[in-house]
Each structure stands twice: as C-alpha cells, then as structure tokens.
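Take a look at the structure set out below.
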Amino acid sequence: MAIQRMDNVGIVVEDLDAAIAFFVELGMELEGRAEIEGLVADQCTGLDGVRCDIAMVRTPDGHSRLELAKYRSPAAISAGPRNQPHNILGTHRVMFAVDDIEDTVARLRPHGAELVGEIARFEDSYRLCYIRGPEGIIVGLAEQLR
C-alpha cells in the first residue's frame with residue numbers, strides 16, 4: 001500500500017496571528033481556524049491536557065497545506081535559538097515556488113522576514129533563497145527562470 005499524498009506540515013508558533021499574516025502575504029490562503037483539545041489530541045500527540053489553537057493555510061493550487069499551532073497547554077517548549085543555521089538536524093525548511101523572488105522577499109520583510117544568505121542563481125534554471133520567517137522558521141523561495 002502506498003501513501004495517498006502529503007496532507008500538511010505542522011509548525012508550532014507562539015504568535016498565531018503573525019504566522020497567519022506572514023503565510024497569507026506569501027500567497028497562501030487561510031482555510032480556517034479551530035481550537036483543539038480532548039482525548040484525541042492527547043492520544044495523537046502523546047501529551048496530557050492538550051489545548052491549542054490551529055490555523056490551516058493552503059497554497060493557491062490547493063495541493064499543499066501548513067497547519068500552524070499555538071499551544072496553550074502544555075506550553076510550547078523552545079528547541080533553542082531561533083536563528084539556528086540551515087544545517088541543523090531535523091526539519092530545516094519549507095520551500096515554495098514563487099513568480100518573483102525579489103518582490104516576495106520585499107513583501108515579507110514587513111512581517112519580519114530576513115534573508116538567511118542571499119538570493120542565488122542555480123545555472124539557468126532557478127533563483128533561490130532562504131528567509132527566516134515567524135518563530136525562526138526557514139522558508140525557501142524558488143523562482144523558476146523561463
């Protein structure tokens with residue numbers, strides 16, 4: 001049996017509204033918000049007394065989604081500094097295809113985005129960069145060259 005699809009990527013944040021604003025400015029669409037708690041949440045996460053607010057955002061094509069979660073109980077635990085380098089073990093980025101990489105970076109700067117390095121060109125195929133978004137999340141941007 002094969003998997004059907006990747007449903008979503010989950011990201012725990014402290015400021016849910018700021019994270020929503022960042023990803024909406026990037027071009028994602030807010031599907032909805034909900035409060036999650038109870039036995040199913042506890043069983044799924046392996047935590048006791050889970051209470052969190054979530055927001056689901058999706059790409060315009062409807063194929064990819066992020067689940068943004070703000071834990072009220074138990075409190076979120078910091079995994080370390082928010083400016084960790086790109087080569088840290090574990091999940092290190094989410095990448096999005098964009099039409100205009102410089103415009104996208106400029107629109108995200110007011111939402112706290114900072115370039116991790118610089119905008120680079122890969123052969124005649126792509127312009128690429130990593131930005132640090134809300135909560136220190138590294139977001140990759142890829143502009144395909146025509």
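Each chain of the structure tokens is named A, B, ... in the order shown, its residues numbered from 1; ligands are numbered from 1 in display order.
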Near His111 in chain A, within 9 Å and counting only C-alpha atoms, which residues show up once chain neighbours fewer than 6 positions away are dropped, as a PDB file with N, CA and C atoms, in the first residue's frame?
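The resulting part_2.pdb:
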ATOM      1  N   ALA A  18       0.461  36.433  13.771  1.00  0.00           N
ATOM      2  CA  ALA A  18       1.613  36.875  12.977  1.00  0.00           C
ATOM      3  C   ALA A  18       2.009  35.818  11.957  1.00  0.00           C
ATOM      4  N   ALA A  19       1.963  34.552  12.342  1.00  0.00           N
ATOM      5  CA  ALA A  19       2.311  33.475  11.411  1.00  0.00           C
ATOM      6  C   ALA A  19       1.296  33.399  10.267  1.00  0.00           C
ATOM      7  N   ALA A  21      -0.517  35.910   9.123  1.00  0.00           N
ATOM      8  CA  ALA A  21      -0.289  37.085   8.283  1.00  0.00           C
ATOM      9  C   ALA A  21       0.907  36.881   7.359  1.00  0.00           C
ATOM     10  N   PHE A  22       1.984  36.279   7.872  1.00  0.00           N
ATOM     11  CA  PHE A  22       3.180  36.018   7.070  1.00  0.00           C
ATOM     12  C   PHE A  22       2.851  35.098   5.900  1.00  0.00           C
ATOM     13  N   GLU A  25       0.526  36.671   3.334  1.00  0.00           N
ATOM     14  CA  GLU A  25       1.277  37.616   2.494  1.00  0.00           C
ATOM     15  C   GLU A  25       2.117  36.875   1.459  1.00  0.00           C
ATOM     16  N   GLY A 133      11.477  33.310   8.697  1.00  0.00           N
ATOM     17  CA  GLY A 133      10.145  33.857   8.899  1.00  0.00           C
ATOM     18  C   GLY A 133       9.765  33.860  10.370  1.00  0.00           C
ATOM     19  N   PRO A 134       8.456  33.808  10.653  1.00  0.00           N
ATOM     20  CA  PRO A 134       7.996  33.853  12.043  1.00  0.00           C
ATOM     21  C   PRO A 134       8.546  32.667  12.830  1.00  0.00           C
TER      22      PRO A 134
END
Name the residues in contact with range 119-126 of chain A at a cut-off of 6 Å, using only C-alpha atoms, excluding same-chain residues fewer than 6 positions from it; report them as a CSV table (one decimal) with C-alpha atoms, in the first residue's frame.
chain,number,residue,atom,x,y,z
A,143,GLU,CA,11.7,31.3,-8.8
A,144,GLN,CA,12.0,29.2,-12.0
A,145,LEU,CA,13.7,31.1,-14.8
Subject >> Atom-to-atom span, CA of Ala76 in chain A and CA of Glu114 in chain A, Å >> reply: 23.7 Å
**OP:** Might you pull out every residue within 9 Å of Leu39 in chain A, with only C-alpha atoms counted and same-chain residues fewer than 3 positions away left off, and present them as a PyMOL selection string?
**Re:** chain A and resi 42-44+48-50
**OP:** Would you return as a PyMOL selection string the members of chain A that DSSP assigns to helix (DSSP H, G or I) on this structure's backbone?
**Re:** chain A and resi 16-26+39-45+101-111+134-136
Written selection (N, CA and C atoms) as a short mmCIF file (atom, residue, chain, number, x, y, z; two decimals), in the first residue's frame:
data_model
loop_
_atom_site.label_atom_id
_atom_site.label_comp_id
_atom_site.auth_asym_id
_atom_site.auth_seq_id
_atom_site.Cartn_x
_atom_site.Cartn_y
_atom_site.Cartn_z
N LEU A 16 0.23 33.12 16.67
CA LEU A 16 -0.53 32.53 15.57
C LEU A 16 -0.96 33.57 14.55
N ASP A 17 -1.42 34.72 15.01
CA ASP A 17 -1.87 35.76 14.08
C ASP A 17 -0.73 36.25 13.20
N ALA A 18 0.46 36.43 13.77
CA ALA A 18 1.61 36.87 12.98
C ALA A 18 2.01 35.82 11.96
N ALA A 19 1.96 34.55 12.34
CA ALA A 19 2.31 33.48 11.41
C ALA A 19 1.30 33.40 10.27
N ILE A 20 0.02 33.55 10.59
CA ILE A 20 -1.01 33.56 9.55
C ILE A 20 -0.76 34.71 8.59
N ALA A 21 -0.52 35.91 9.12
CA ALA A 21 -0.29 37.09 8.28
C ALA A 21 0.91 36.88 7.36
N PHE A 22 1.98 36.28 7.87
CA PHE A 22 3.18 36.02 7.07
C PHE A 22 2.85 35.10 5.90
N PHE A 23 2.21 33.97 6.18
CA PHE A 23 1.95 33.00 5.12
C PHE A 23 0.86 33.47 4.15
N VAL A 24 -0.09 34.27 4.62
CA VAL A 24 -1.08 34.86 3.71
C VAL A 24 -0.39 35.87 2.79
N GLU A 25 0.53 36.67 3.33
CA GLU A 25 1.28 37.62 2.49
C GLU A 25 2.12 36.88 1.46
N LEU A 26 2.62 35.71 1.82
CA LEU A 26 3.38 34.88 0.89
C LEU A 26 2.50 34.44 -0.27
N LEU A 39 -9.36 14.09 24.32
CA LEU A 39 -8.70 12.80 24.32
C LEU A 39 -7.96 12.51 23.01
N VAL A 40 -8.58 12.79 21.88
CA VAL A 40 -7.93 12.51 20.60
C VAL A 40 -6.64 13.31 20.47
N ALA A 41 -6.67 14.58 20.85
CA ALA A 41 -5.46 15.42 20.78
C ALA A 41 -4.38 14.86 21.70
N ASP A 42 -4.75 14.45 22.91
CA ASP A 42 -3.79 13.88 23.85
C ASP A 42 -3.19 12.58 23.30
N GLN A 43 -4.06 11.71 22.76
CA GLN A 43 -3.59 10.43 22.24
C GLN A 43 -2.65 10.63 21.05
N CYS A 44 -3.01 11.52 20.18
CA CYS A 44 -2.23 11.75 18.95
C CYS A 44 -0.85 12.33 19.25
N THR A 45 -0.78 13.26 20.18
CA THR A 45 0.47 13.96 20.46
C THR A 45 1.32 13.28 21.52
N ILE A 101 10.93 36.42 -6.99
CA ILE A 101 11.58 36.21 -5.71
C ILE A 101 11.88 37.52 -4.98
N GLU A 102 12.33 38.53 -5.71
CA GLU A 102 12.65 39.81 -5.06
C GLU A 102 11.40 40.50 -4.53
N ASP A 103 10.32 40.47 -5.30
CA ASP A 103 9.06 41.05 -4.84
C ASP A 103 8.55 40.31 -3.61
N THR A 104 8.66 38.99 -3.62
CA THR A 104 8.19 38.19 -2.49
C THR A 104 8.97 38.53 -1.22
N VAL A 105 10.29 38.61 -1.33
CA VAL A 105 11.11 38.97 -0.17
C VAL A 105 10.73 40.36 0.33
N ALA A 106 10.54 41.30 -0.58
CA ALA A 106 10.19 42.67 -0.19
C ALA A 106 8.84 42.70 0.53
N ARG A 107 7.86 41.94 0.06
CA ARG A 107 6.54 41.92 0.70
C ARG A 107 6.58 41.27 2.08
N LEU A 108 7.51 40.31 2.27
CA LEU A 108 7.58 39.60 3.55
C LEU A 108 8.42 40.31 4.60
N ARG A 109 9.28 41.23 4.18
CA ARG A 109 10.12 41.95 5.15
C ARG A 109 9.31 42.64 6.25
N PRO A 110 8.20 43.33 5.93
CA PRO A 110 7.41 43.96 7.00
C PRO A 110 6.82 42.94 7.99
N HIS A 111 6.82 41.67 7.62
CA HIS A 111 6.33 40.61 8.50
C HIS A 111 7.48 39.92 9.23
N PRO A 134 8.46 33.81 10.65
CA PRO A 134 8.00 33.85 12.04
C PRO A 134 8.55 32.67 12.83
N GLU A 135 8.86 32.92 14.10
CA GLU A 135 9.35 31.89 15.01
C GLU A 135 10.69 31.29 14.56
N GLY A 136 11.39 31.98 13.65
CA GLY A 136 12.68 31.48 13.19
C GLY A 136 12.59 30.43 12.10
#
**OP:** Name all residues at most 12 Å from range 52-55 of chain A (count only C-alpha atoms; drop same-chain ones fewer than 5 positions away) and give them as a VMD selection string.
**Re:** chain A and resid 8 to 21 23 to 24 28 to 38 41 to 42 45 47 65 to 76
Using DSSP on the backbone, list every residue of chain A that comes out as strand (DSSP E), and give them as a CSV table (one decimal) with N, CA and C atoms, in the first residue's frame.
chain,number,residue,atom,x,y,z
A,9,VAL,N,2.1,20.0,6.6
A,9,VAL,CA,3.3,20.2,7.5
A,9,VAL,C,2.8,21.0,8.7
A,10,GLY,N,3.2,20.5,9.9
A,10,GLY,CA,2.8,21.2,11.1
A,10,GLY,C,3.9,22.1,11.7
A,11,ILE,N,3.6,23.3,12.1
A,11,ILE,CA,4.5,24.2,12.6
A,11,ILE,C,4.0,24.8,13.9
A,12,VAL,N,4.7,24.7,15.0
A,12,VAL,CA,4.3,25.2,16.3
A,12,VAL,C,4.8,26.7,16.4
A,29,GLU,N,-3.6,30.7,1.4
A,29,GLU,CA,-5.0,31.1,1.7
A,29,GLU,C,-5.4,30.5,3.1
A,30,LEU,N,-6.0,31.2,3.9
A,30,LEU,CA,-6.4,30.7,5.2
A,30,LEU,C,-7.7,29.8,5.0
A,31,GLU,N,-7.6,28.5,5.3
A,31,GLU,CA,-8.7,27.6,5.2
A,31,GLU,C,-9.6,27.8,6.4
A,32,GLY,N,-9.0,27.9,7.6
A,32,GLY,CA,-9.8,28.0,8.8
A,32,GLY,C,-9.0,27.9,10.0
A,33,ARG,N,-9.7,28.2,11.1
A,33,ARG,CA,-9.1,28.2,12.4
A,33,ARG,C,-9.9,27.3,13.3
A,34,ALA,N,-9.3,26.7,14.3
A,34,ALA,CA,-10.1,25.9,15.3
A,34,ALA,C,-9.3,25.8,16.6
A,35,GLU,N,-10.1,25.4,17.6
A,35,GLU,CA,-9.5,25.1,18.9
A,35,GLU,C,-9.5,23.6,19.0
A,36,ILE,N,-8.3,23.0,19.4
A,36,ILE,CA,-8.2,21.6,19.5
A,36,ILE,C,-7.9,21.2,21.0
A,37,GLU,N,-8.7,20.2,21.5
A,37,GLU,CA,-8.4,19.7,22.8
A,37,GLU,C,-9.2,18.4,23.0
A,51,ARG,N,-4.3,21.6,24.7
A,51,ARG,CA,-5.3,22.7,24.3
A,51,ARG,C,-4.5,23.6,23.4
A,52,CYS,N,-4.9,23.7,22.1
A,52,CYS,CA,-4.2,24.5,21.2
A,52,CYS,C,-5.1,25.1,20.2
A,53,ASP,N,-4.7,26.3,19.6
A,53,ASP,CA,-5.4,26.9,18.6
A,53,ASP,C,-4.6,26.6,17.3
A,54,ILE,N,-5.3,26.2,16.2
A,54,ILE,CA,-4.7,25.9,15.0
A,54,ILE,C,-5.3,26.7,13.9
A,55,ALA,N,-4.5,26.9,12.8
A,55,ALA,CA,-4.9,27.5,11.6
A,55,ALA,C,-4.4,26.7,10.5
A,56,MET,N,-5.2,26.4,9.5
A,56,MET,CA,-4.7,25.7,8.3
A,56,MET,C,-4.6,26.7,7.1
A,57,VAL,N,-3.5,26.8,6.5
A,57,VAL,CA,-3.3,27.6,5.3
A,57,VAL,C,-2.9,26.7,4.2
A,58,ARG,N,-3.3,27.1,3.0
A,58,ARG,CA,-3.1,26.2,1.8
A,58,ARG,C,-2.5,27.0,0.7
A,65,ARG,N,-0.5,22.2,2.3
A,65,ARG,CA,-1.1,22.9,3.4
A,65,ARG,C,-0.1,23.0,4.5
A,66,LEU,N,-0.1,24.0,5.3
A,66,LEU,CA,0.6,24.1,6.6
A,66,LEU,C,-0.4,24.2,7.7
A,67,GLU,N,-0.2,23.5,8.8
A,67,GLU,CA,-1.0,23.6,10.0
A,67,GLU,C,-0.2,24.3,11.0
A,68,LEU,N,-0.6,25.6,11.3
A,68,LEU,CA,0.1,26.4,12.3
A,68,LEU,C,-0.6,26.2,13.7
A,69,ALA,N,0.1,25.9,14.7
A,69,ALA,CA,-0.5,25.6,16.0
A,69,ALA,C,0.2,26.4,17.1
A,70,LYS,N,-0.7,27.0,17.9
A,70,LYS,CA,-0.2,27.7,19.1
A,70,LYS,C,-0.7,26.9,20.3
A,71,TYR,N,0.2,26.3,21.1
A,71,TYR,CA,-0.2,25.5,22.3
A,71,TYR,C,-0.5,26.4,23.4
A,72,ARG,N,-1.6,26.2,24.0
A,72,ARG,CA,-2.0,26.9,25.3
A,72,ARG,C,-1.6,26.0,26.5
A,73,SER,N,-1.8,24.7,26.2
A,73,SER,CA,-1.5,23.7,27.3
A,73,SER,C,-1.1,22.4,26.6
A,94,VAL,N,10.7,24.8,4.7
A,94,VAL,CA,9.6,24.6,3.8
A,94,VAL,C,9.9,25.4,2.6
A,95,MET,N,9.8,24.9,1.3
A,95,MET,CA,10.1,25.6,0.1
A,95,MET,C,8.9,25.9,-0.7
A,96,PHE,N,8.8,27.1,-1.2
A,96,PHE,CA,7.7,27.5,-2.1
A,96,PHE,C,8.2,28.0,-3.4
A,97,ALA,N,7.5,27.7,-4.5
A,97,ALA,CA,7.7,28.2,-5.8
A,97,ALA,C,7.0,29.6,-5.9
A,114,GLU,N,13.8,37.9,7.0
A,114,GLU,CA,15.2,38.3,6.8
A,114,GLU,C,15.8,37.2,6.0
A,115,LEU,N,16.6,37.6,5.0
A,115,LEU,CA,17.4,36.7,4.2
A,115,LEU,C,18.4,35.9,5.1
A,120,ALA,N,20.4,33.5,-4.8
A,120,ALA,CA,21.4,32.9,-5.6
A,120,ALA,C,20.8,32.4,-6.9
A,121,ARG,N,21.6,32.2,-7.9
A,121,ARG,CA,21.2,31.7,-9.2
A,121,ARG,C,21.7,30.3,-9.4
A,122,PHE,N,20.9,29.3,-9.7
A,122,PHE,CA,21.3,28.0,-10.0
A,122,PHE,C,21.2,27.8,-11.5
A,126,TYR,N,17.0,28.3,-11.9
A,126,TYR,CA,16.3,28.9,-10.7
A,126,TYR,C,17.0,30.1,-10.1
A,127,ARG,N,16.3,31.0,-9.5
A,127,ARG,CA,16.8,31.9,-8.5
A,127,ARG,C,16.3,31.4,-7.1
A,128,LEU,N,17.1,31.2,-6.1
A,128,LEU,CA,16.8,30.6,-4.9
A,128,LEU,C,17.2,31.5,-3.7
A,129,CYS,N,16.5,31.4,-2.6
A,129,CYS,CA,16.9,32.0,-1.3
A,129,CYS,C,16.2,31.3,-0.2
A,130,TYR,N,16.8,31.5,1.0
A,130,TYR,CA,16.1,31.1,2.2
A,130,TYR,C,15.9,32.4,3.0
A,131,ILE,N,14.7,32.5,3.6
A,131,ILE,CA,14.4,33.6,4.5
A,131,ILE,C,14.0,33.0,5.8
A,132,ARG,N,14.3,33.8,6.9
A,132,ARG,CA,13.8,33.4,8.2
A,132,ARG,C,12.5,34.1,8.5
A,138,ILE,N,12.7,28.6,8.7
A,138,ILE,CA,13.4,28.9,7.5
A,138,ILE,C,12.4,28.5,6.3
A,139,VAL,N,12.2,29.5,5.5
A,139,VAL,CA,11.3,29.3,4.3
A,139,VAL,C,12.1,29.5,3.1
A,140,GLY,N,12.1,28.5,2.2
A,140,GLY,CA,12.8,28.6,0.9
A,140,GLY,C,11.9,29.1,-0.1
A,141,LEU,N,12.5,30.0,-1.0
A,141,LEU,CA,11.8,30.5,-2.1
A,141,LEU,C,12.5,30.1,-3.4
A,142,ALA,N,11.8,29.7,-4.4
A,142,ALA,CA,12.4,29.3,-5.7
A,142,ALA,C,11.6,30.0,-6.9
A,143,GLU,N,12.3,30.7,-7.7
A,143,GLU,CA,11.7,31.3,-8.8
A,143,GLU,C,12.3,30.6,-10.1
A,144,GLN,N,11.5,29.9,-10.8
A,144,GLN,CA,12.0,29.2,-12.0
A,144,GLN,C,12.2,30.3,-13.1
Subject >> Pairwise distance for CA of Gln84 in chain A and CA of Ile137 in chain A, rounded to one decimal in Å >> reply: 9.3 Å
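The space separating CA of Pro81 in chain A from CA of Glu118 in chain A comes to 21.0 Å.
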